[in-house]
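Structure file protein.cif (mmCIF, C-alpha atoms) follows.
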```cif
data_my_file
#
loop_
_atom_site.label_atom_id
_atom_site.label_comp_id
_atom_site.auth_asym_id
_atom_site.auth_seq_id
_atom_site.Cartn_x
_atom_site.Cartn_y
_atom_site.Cartn_z
CA MET A 1 19.45 -28.16 8.09
CA ALA A 2 18.58 -24.68 6.82
CA GLU A 3 19.97 -21.70 8.72
CA PRO A 4 17.41 -19.88 10.87
CA ARG A 5 16.02 -16.74 9.24
CA ARG A 6 17.50 -13.55 10.65
CA ILE A 7 16.63 -9.88 10.58
CA PRO A 8 19.41 -7.86 8.87
CA GLY A 9 20.57 -5.03 11.14
CA GLU A 10 18.25 -4.57 14.10
CA ALA A 11 14.52 -4.05 14.56
CA GLY A 12 14.88 -0.30 15.19
CA ILE A 13 16.40 0.45 11.78
CA TRP A 14 13.49 -1.37 10.15
CA VAL A 15 11.00 0.84 12.02
CA LEU A 16 12.83 3.85 10.58
CA ILE A 17 12.97 2.31 7.08
CA GLY A 18 9.27 1.39 7.23
CA GLY A 19 8.34 4.93 8.27
CA GLU A 20 10.43 6.44 5.46
CA MET A 21 8.89 4.09 2.90
CA LEU A 22 5.38 5.03 4.02
CA VAL A 23 6.13 8.77 3.87
CA PHE A 24 7.71 8.52 0.43
CA SER A 25 4.89 6.33 -0.88
CA LEU A 26 2.57 9.16 0.13
CA PHE A 27 4.79 11.53 -1.90
CA PHE A 28 4.59 9.19 -4.91
CA LEU A 29 0.81 8.92 -4.67
CA ILE A 30 0.36 12.70 -4.28
CA PHE A 31 2.50 13.25 -7.37
CA ALA A 32 0.54 10.70 -9.42
CA TYR A 33 -2.79 12.21 -8.31
CA TYR A 34 -1.84 15.79 -9.19
CA ARG A 35 -0.38 14.59 -12.48
CA SER A 36 -3.82 13.24 -13.39
CA GLN A 37 -5.37 16.60 -12.46
CA GLN A 38 -2.92 18.70 -14.53
CA PRO A 39 -1.64 16.40 -17.31
CA GLU A 40 -0.60 19.22 -19.65
CA VAL A 41 1.42 21.13 -17.04
CA PHE A 42 3.09 17.97 -15.73
CA SER A 43 3.91 16.56 -19.14
CA GLN A 44 5.43 19.83 -20.42
CA SER A 45 7.43 20.30 -17.21
CA HIS A 46 8.64 16.69 -17.27
CA LEU A 47 10.24 17.37 -20.67
CA MET A 48 12.27 20.21 -19.11
CA LEU A 49 14.17 17.81 -16.82
CA ASP A 50 17.58 16.55 -17.90
CA ARG A 51 16.95 12.81 -18.33
CA GLY A 52 20.66 12.16 -18.92
CA ILE A 53 21.52 13.48 -15.45
CA GLY A 54 18.64 11.47 -13.96
CA LEU A 55 19.95 8.30 -15.62
CA ALA A 56 23.53 9.00 -14.53
CA ASN A 57 22.42 9.54 -10.94
CA THR A 58 20.43 6.29 -10.98
CA LEU A 59 23.44 4.31 -12.22
CA VAL A 60 25.67 6.03 -9.64
CA LEU A 61 23.35 5.09 -6.75
CA LEU A 62 22.92 1.50 -7.97
CA THR A 63 26.70 1.16 -8.12
CA SER A 64 27.05 2.66 -4.65
CA SER A 65 24.58 0.07 -3.36
CA LEU A 66 26.74 -2.70 -4.84
CA PHE A 67 29.85 -1.30 -3.11
CA VAL A 68 28.04 -1.00 0.22
CA ALA A 69 26.60 -4.54 -0.03
CA LEU A 70 30.10 -5.89 -0.76
CA GLY A 71 31.52 -3.94 2.20
CA VAL A 72 28.79 -5.08 4.62
CA ARG A 73 29.36 -8.68 3.53
CA ARG A 74 33.01 -8.46 4.47
CA VAL A 75 32.24 -6.92 7.86
CA ARG A 76 29.54 -9.51 8.56
CA GLU A 77 31.87 -12.38 7.78
CA GLY A 78 34.51 -10.94 10.07
CA GLN A 79 36.97 -10.35 7.27
CA PRO A 80 39.65 -7.77 7.96
CA GLY A 81 38.43 -4.73 6.07
CA ASP A 82 40.01 -1.45 5.16
CA GLY A 83 36.82 0.45 4.38
CA THR A 84 37.59 0.66 0.65
CA PHE A 85 34.10 -0.40 -0.42
CA PHE A 86 32.48 2.13 1.92
CA ARG A 87 34.74 4.90 0.63
CA ALA A 88 33.77 3.91 -2.94
CA GLY A 89 30.09 4.11 -1.93
CA LEU A 90 30.74 7.49 -0.32
CA ALA A 91 32.38 8.75 -3.53
CA CYS A 92 29.25 7.71 -5.44
CA GLY A 93 27.15 9.66 -2.94
CA ALA A 94 29.31 12.73 -3.56
CA ILE A 95 28.90 12.36 -7.34
CA PHE A 96 25.12 12.09 -6.89
CA ALA A 97 25.00 15.26 -4.76
CA ALA A 98 27.23 17.16 -7.22
CA LEU A 99 25.04 16.17 -10.20
CA LYS A 100 21.91 17.16 -8.26
CA ALA A 101 23.46 20.53 -7.38
CA ALA A 102 24.35 21.08 -11.06
CA GLU A 103 20.78 20.19 -12.03
CA TYR A 104 19.22 22.57 -9.48
CA THR A 105 21.62 25.36 -10.53
CA ALA A 106 20.70 24.92 -14.21
CA LYS A 107 17.00 25.06 -13.35
CA PHE A 108 17.39 28.23 -11.25
CA SER A 109 19.49 29.88 -13.99
CA HIS A 110 16.58 29.29 -16.39
CA GLY A 111 14.19 30.91 -13.94
CA ILE A 112 12.63 27.57 -12.89
CA THR A 113 11.89 27.47 -9.16
CA PRO A 114 9.51 25.61 -6.82
CA LEU A 115 7.04 28.44 -7.47
CA THR A 116 6.98 27.82 -11.25
CA ASN A 117 4.15 25.26 -11.06
CA ASP A 118 2.97 22.20 -9.08
CA PHE A 119 5.29 19.82 -10.98
CA PHE A 120 8.39 21.79 -10.02
CA MET A 121 7.13 22.34 -6.48
CA TYR A 122 6.97 18.56 -6.02
CA TYR A 123 10.20 18.04 -7.96
CA PHE A 124 12.24 20.37 -5.73
CA ALA A 125 10.49 19.26 -2.51
CA PHE A 126 10.70 15.48 -3.00
CA THR A 127 14.15 15.34 -4.61
CA GLY A 128 15.39 17.87 -2.02
CA ILE A 129 14.14 15.72 0.87
CA HIS A 130 15.75 12.72 -0.82
CA LEU A 131 19.04 14.65 -1.16
CA VAL A 132 19.01 15.25 2.62
CA HIS A 133 18.75 11.46 3.02
CA VAL A 134 21.74 11.04 0.67
CA LEU A 135 23.76 13.40 2.88
CA ILE A 136 22.72 11.58 6.09
CA GLY A 137 23.54 8.22 4.49
CA SER A 138 26.91 9.59 3.34
CA GLY A 139 27.69 10.49 6.95
CA GLY A 140 26.97 6.85 7.86
CA LEU A 141 29.27 5.57 5.11
CA ALA A 142 32.05 7.96 6.16
CA TYR A 143 31.81 6.63 9.72
CA LEU A 144 31.75 3.03 8.43
CA SER A 145 34.91 3.56 6.40
CA PHE A 146 36.68 4.09 9.76
CA VAL A 147 34.79 1.40 11.68
CA ALA A 148 35.57 -1.22 9.00
CA SER A 149 39.25 -1.23 9.94
CA ARG A 150 38.49 -2.11 13.59
CA GLU A 151 38.67 -5.62 15.01
CA PRO A 152 35.63 -7.74 14.09
CA SER A 153 32.89 -7.50 16.73
CA PRO A 154 29.08 -7.83 16.94
CA SER A 155 28.72 -4.04 17.36
CA ARG A 156 30.84 -3.39 14.24
CA THR A 157 28.64 -5.80 12.27
CA MET A 158 25.45 -4.18 13.60
CA LEU A 159 26.68 -0.68 12.68
CA ALA A 160 27.67 -1.76 9.18
CA GLU A 161 24.36 -3.52 8.56
CA CYS A 162 22.26 -0.58 9.80
CA ALA A 163 24.20 2.08 7.85
CA GLY A 164 24.15 -0.20 4.81
CA LEU A 165 20.38 -0.71 5.05
CA PHE A 166 19.83 3.06 5.25
CA TRP A 167 21.97 3.55 2.15
CA HIS A 168 19.96 0.94 0.22
CA LEU A 169 16.78 2.77 1.31
CA VAL A 170 18.20 5.96 -0.25
CA ASP A 171 18.82 3.98 -3.45
CA LEU A 172 15.37 2.40 -3.67
CA LEU A 173 13.54 5.69 -3.01
CA TRP A 174 15.48 7.33 -5.84
CA ILE A 175 14.52 4.47 -8.20
CA MET A 176 10.86 5.51 -7.94
CA LEU A 177 11.57 9.27 -7.97
CA PHE A 178 13.56 8.77 -11.19
CA ALA A 179 10.74 6.74 -12.75
CA LEU A 180 7.98 9.21 -11.85
CA PHE A 181 9.72 12.53 -12.55
CA TYR A 182 12.07 11.66 -15.41
CA LEU A 183 10.75 8.58 -17.23
CA ALA A 184 6.97 8.33 -16.92
CA GLY A 185 5.42 10.05 -19.91
CA GLY A 186 8.41 9.27 -22.12
CA SER A 187 10.07 11.75 -24.46
CA HIS A 188 6.69 13.09 -25.58
CA GLY A 189 5.57 14.03 -22.09
CA MET B 1 35.75 -12.69 -5.48
CA ASP B 2 33.67 -15.57 -4.10
CA LYS B 3 30.19 -16.86 -4.92
CA GLY B 4 28.45 -14.30 -2.68
CA ASP B 5 30.26 -11.39 -4.35
CA ARG B 6 29.43 -12.75 -7.80
CA LYS B 7 25.74 -12.95 -6.87
CA LEU B 8 25.76 -9.29 -5.81
CA LEU B 9 27.52 -8.34 -9.05
CA ILE B 10 24.92 -10.22 -11.11
CA TRP B 11 22.02 -8.47 -9.30
CA TRP B 12 23.72 -5.11 -9.90
CA ALA B 13 23.98 -5.95 -13.63
CA VAL B 14 20.26 -6.89 -13.63
CA LEU B 15 19.42 -3.52 -12.02
CA VAL B 16 21.51 -1.62 -14.59
CA ALA B 17 19.87 -3.56 -17.45
CA LEU B 18 16.37 -2.82 -16.09
CA THR B 19 17.28 0.86 -15.75
CA LEU B 20 18.35 1.06 -19.40
CA LEU B 21 15.27 -0.92 -20.44
CA SER B 22 12.97 1.59 -18.72
CA PHE B 23 14.56 4.48 -20.63
CA GLU B 24 12.74 5.57 -23.79
CA SER B 25 15.12 3.77 -26.14
CA GLY B 26 14.76 0.59 -24.07
CA LEU B 27 10.97 0.71 -24.27
CA GLN B 28 11.19 1.23 -28.03
CA TRP B 29 13.51 -1.76 -28.29
CA LEU B 30 10.89 -3.75 -26.39
CA GLY B 31 8.25 -2.45 -28.80
CA GLN B 32 6.46 -1.02 -25.74
CA ALA B 33 7.05 2.72 -26.18
CA GLY B 34 3.28 3.26 -26.14
CA ALA B 35 2.79 1.39 -22.87
CA GLY B 36 4.87 4.13 -21.24
CA THR B 37 4.04 4.98 -17.69
CA ALA B 38 2.56 1.70 -16.43
CA LEU B 39 5.57 -0.26 -17.69
CA VAL B 40 8.02 2.31 -16.28
CA ILE B 41 6.36 2.02 -12.85
CA VAL B 42 6.34 -1.79 -12.96
CA ILE B 43 10.04 -1.90 -13.92
CA ALA B 44 10.85 0.56 -11.07
CA LEU B 45 9.01 -1.67 -8.58
CA VAL B 46 10.83 -4.78 -9.83
CA LYS B 47 14.11 -2.89 -9.29
CA ILE B 48 13.04 -1.81 -5.79
CA ARG B 49 12.12 -5.40 -4.90
CA THR B 50 15.50 -6.57 -6.20
CA VAL B 51 17.31 -4.05 -3.96
CA VAL B 52 15.17 -5.08 -0.96
CA LEU B 53 15.66 -8.83 -1.41
CA HIS B 54 19.28 -9.02 -2.54
CA PHE B 55 21.09 -5.91 -1.28
CA MET B 56 19.12 -5.51 1.97
CA ASP B 57 19.14 -9.31 2.49
CA VAL B 58 15.39 -9.49 3.09
CA ARG B 59 15.27 -12.77 1.13
CA GLU B 60 16.85 -14.34 4.25
CA ALA B 61 14.63 -12.45 6.71
CA PRO B 62 11.57 -13.79 8.56
CA TRP B 63 8.27 -13.41 6.72
CA ALA B 64 7.11 -10.92 9.38
CA LEU B 65 9.61 -8.50 7.83
CA ARG B 66 9.39 -9.63 4.22
CA ALA B 67 5.60 -9.71 3.89
CA PRO B 68 4.94 -5.99 4.61
CA LEU B 69 7.65 -5.03 2.10
CA GLU B 70 6.18 -7.30 -0.57
CA ILE B 71 2.71 -5.86 0.13
CA TRP B 72 4.14 -2.30 -0.14
CA VAL B 73 5.50 -3.08 -3.62
CA ILE B 74 2.22 -4.66 -4.79
CA ALA B 75 0.10 -1.83 -3.33
CA LEU B 76 2.18 0.83 -5.09
CA GLY B 77 1.99 -1.17 -8.30
CA ALA B 78 -1.80 -1.04 -8.10
CA ALA B 79 -2.25 2.51 -6.78
CA LEU B 80 0.28 4.51 -8.80
CA PRO B 81 -0.95 3.71 -12.34
CA THR B 82 -4.57 4.02 -11.16
CA LEU B 83 -3.96 7.53 -9.81
CA TRP B 84 -1.71 8.49 -12.74
CA TYR B 85 -4.34 7.69 -15.34
CA GLY B 86 -6.96 9.52 -13.28
CA HIS B 87 -9.33 6.68 -12.48
CA VAL B 88 -9.68 7.96 -8.94
CA GLY B 89 -10.72 11.43 -7.83
#
```
Let me see the structure of the file written as structure tokens.
Amino acid sequence: MAEPRRIPGEAGIWVLIGGEMLVFSLFFLIFAYYRSQQPEVFSQSHLMLDRGIGLANTLVLLTSSLFVALGVRRVREGQPGDGTFFRAGLACGAIFAALKAAEYTAKFSHGITPLTNDFFMYYFAFTGIHLVHVLIGSGGLAYLSFVASREPSPSRTMLAECAGLFWHLVDLLWIMLFALFYLAGGSHG
Amino acid sequence: MDKGDRKLLIWWAVLVALTLLSFESGLQWLGQAGAGTALVIVIALVKIRTVVLHFMDVREAPWALRAPLEIWVIALGAALPTLWYGHVG
């Protein structure tokens, strides 16, 4: 007989995730709309982003999601864990934040700010809000790396699943930000 | 590494492959460099759905949770290219 379907984590984390996905989808739609209104400005500005850093950050977050999923699996199955996978995910989060800081610094040093034009206003605003989510998620992973070494319990599993789900949310939101800001329009704008 | 770990590793490899495919050189390799934005958005949504189903374990969740997420992906897939190409507003 098939196992009954279950909700990963708890209902409350899904309310939060749903709200975040709705807010970010509004961001995506606003960006696409204003891109259609100012195609020249947006396509020239898009070419000024460092696509290599964008790609590196995408691969870093995807890899962090793999580590976190592997860690959550071990906690869920009651395996004795030492938090290694969560620390690896946390390290990926730190790399992401460092690359983003380097990217922002390079832009500011070239005189590019949120006031430059609408493209860069949305770029700094949306990726900045996303970076705050990375930092919050990193806090969750840091906590999990300690919790993972505790004795297996339902509360430990619930914590791991909820923090893991939030981290995957951070990953999936970046996937679309990367596509819209860095990739859409290609190397010709 | 058991079967469950291997599945996660395979989905990660799929996500990395899709990421490289959506880069300019990947689109050229596909012969789709001209399709550009619409294809990039579709690939991003396929990646998002993969994360939702296989990393967030929604494939095992009740449909009451899965259906709104599937609808979100489809709705963005319709709305984003439409707005991008300026067919609205």
Kindly provide, as a compact mmCIF listing (two decimals) with C-alpha atoms, in the frame of the given file, the residues of chain B having any atom no farther than 9 Å from an atom of chain A, counting all atoms listed in the file.
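So the final result, stored in selection03.txt, reads:
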```
# COMPACT_ATOMS: atom_id res chain seq x y z
CA GLY B 4 28.45 -14.30 -2.68
CA ASP B 5 30.26 -11.39 -4.35
CA LEU B 8 25.76 -9.29 -5.81
CA LEU B 9 27.52 -8.34 -9.05
CA TRP B 11 22.02 -8.47 -9.30
CA TRP B 12 23.72 -5.11 -9.90
CA LEU B 15 19.42 -3.52 -12.02
CA VAL B 16 21.51 -1.62 -14.59
CA THR B 19 17.28 0.86 -15.75
CA LEU B 20 18.35 1.06 -19.40
CA SER B 22 12.97 1.59 -18.72
CA PHE B 23 14.56 4.48 -20.63
CA GLU B 24 12.74 5.57 -23.79
CA ALA B 33 7.05 2.72 -26.18
CA GLY B 34 3.28 3.26 -26.14
CA GLY B 36 4.87 4.13 -21.24
CA THR B 37 4.04 4.98 -17.69
CA ALA B 38 2.56 1.70 -16.43
CA LEU B 39 5.57 -0.26 -17.69
CA VAL B 40 8.02 2.31 -16.28
CA ILE B 41 6.36 2.02 -12.85
CA ILE B 43 10.04 -1.90 -13.92
CA ALA B 44 10.85 0.56 -11.07
CA LEU B 45 9.01 -1.67 -8.58
CA LYS B 47 14.11 -2.89 -9.29
CA ILE B 48 13.04 -1.81 -5.79
CA ARG B 49 12.12 -5.40 -4.90
CA VAL B 51 17.31 -4.05 -3.96
CA VAL B 52 15.17 -5.08 -0.96
CA HIS B 54 19.28 -9.02 -2.54
CA PHE B 55 21.09 -5.91 -1.28
CA MET B 56 19.12 -5.51 1.97
CA ASP B 57 19.14 -9.31 2.49
CA VAL B 58 15.39 -9.49 3.09
CA GLU B 60 16.85 -14.34 4.25
CA ALA B 61 14.63 -12.45 6.71
CA PRO B 62 11.57 -13.79 8.56
CA TRP B 63 8.27 -13.41 6.72
CA LEU B 65 9.61 -8.50 7.83
CA PRO B 68 4.94 -5.99 4.61
CA LEU B 69 7.65 -5.03 2.10
CA TRP B 72 4.14 -2.30 -0.14
CA LEU B 76 2.18 0.83 -5.09
CA ALA B 79 -2.25 2.51 -6.78
CA LEU B 80 0.28 4.51 -8.80
CA PRO B 81 -0.95 3.71 -12.34
CA THR B 82 -4.57 4.02 -11.16
CA LEU B 83 -3.96 7.53 -9.81
CA TRP B 84 -1.71 8.49 -12.74
CA TYR B 85 -4.34 7.69 -15.34
CA GLY B 86 -6.96 9.52 -13.28
CA HIS B 87 -9.33 6.68 -12.48
CA VAL B 88 -9.68 7.96 -8.94
CA GLY B 89 -10.72 11.43 -7.83
```
Explicit residue set for the PyMOL selection byres ((chain A and resi 82) around 7), as a CSV table (one decimal) with C-alpha atoms, in the coordinates of the input:
```
chain,number,residue,atom,x,y,z
A,80,PRO,CA,39.6,-7.8,8.0
A,81,GLY,CA,38.4,-4.7,6.1
A,83,GLY,CA,36.8,0.4,4.4
A,84,THR,CA,37.6,0.7,0.6
A,148,ALA,CA,35.6,-1.2,9.0
A,149,SER,CA,39.2,-1.2,9.9
```
Shell around A:Asn57 at 8 Å using all atoms listed in the file, local window under 2 positions removed, as a PyMOL selection string: chain A and resi 53-55+59-61+95-96+99
Neighbour residues at most 9 Å from (29.6, 9.4, -0.4) (all atoms listed in the file) as a list in words: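 Residues lying no farther than 9 Å from the given point: Ser64, Phe86, Arg87, Ala88, Gly89, Leu90, Ala91, Cys92, Gly93, Ala94, Ile95, Phe96, Ala97, Val134, Leu135, Gly137, Ser138, Gly139, Leu141 and Ala142 of chain A.
In terms of minimum interatomic distance to A:Arg150, A:Val75 ranks closest within A:Val75, A:Leu49, A:Ala56, A:Val23, counting all atoms listed in the file.
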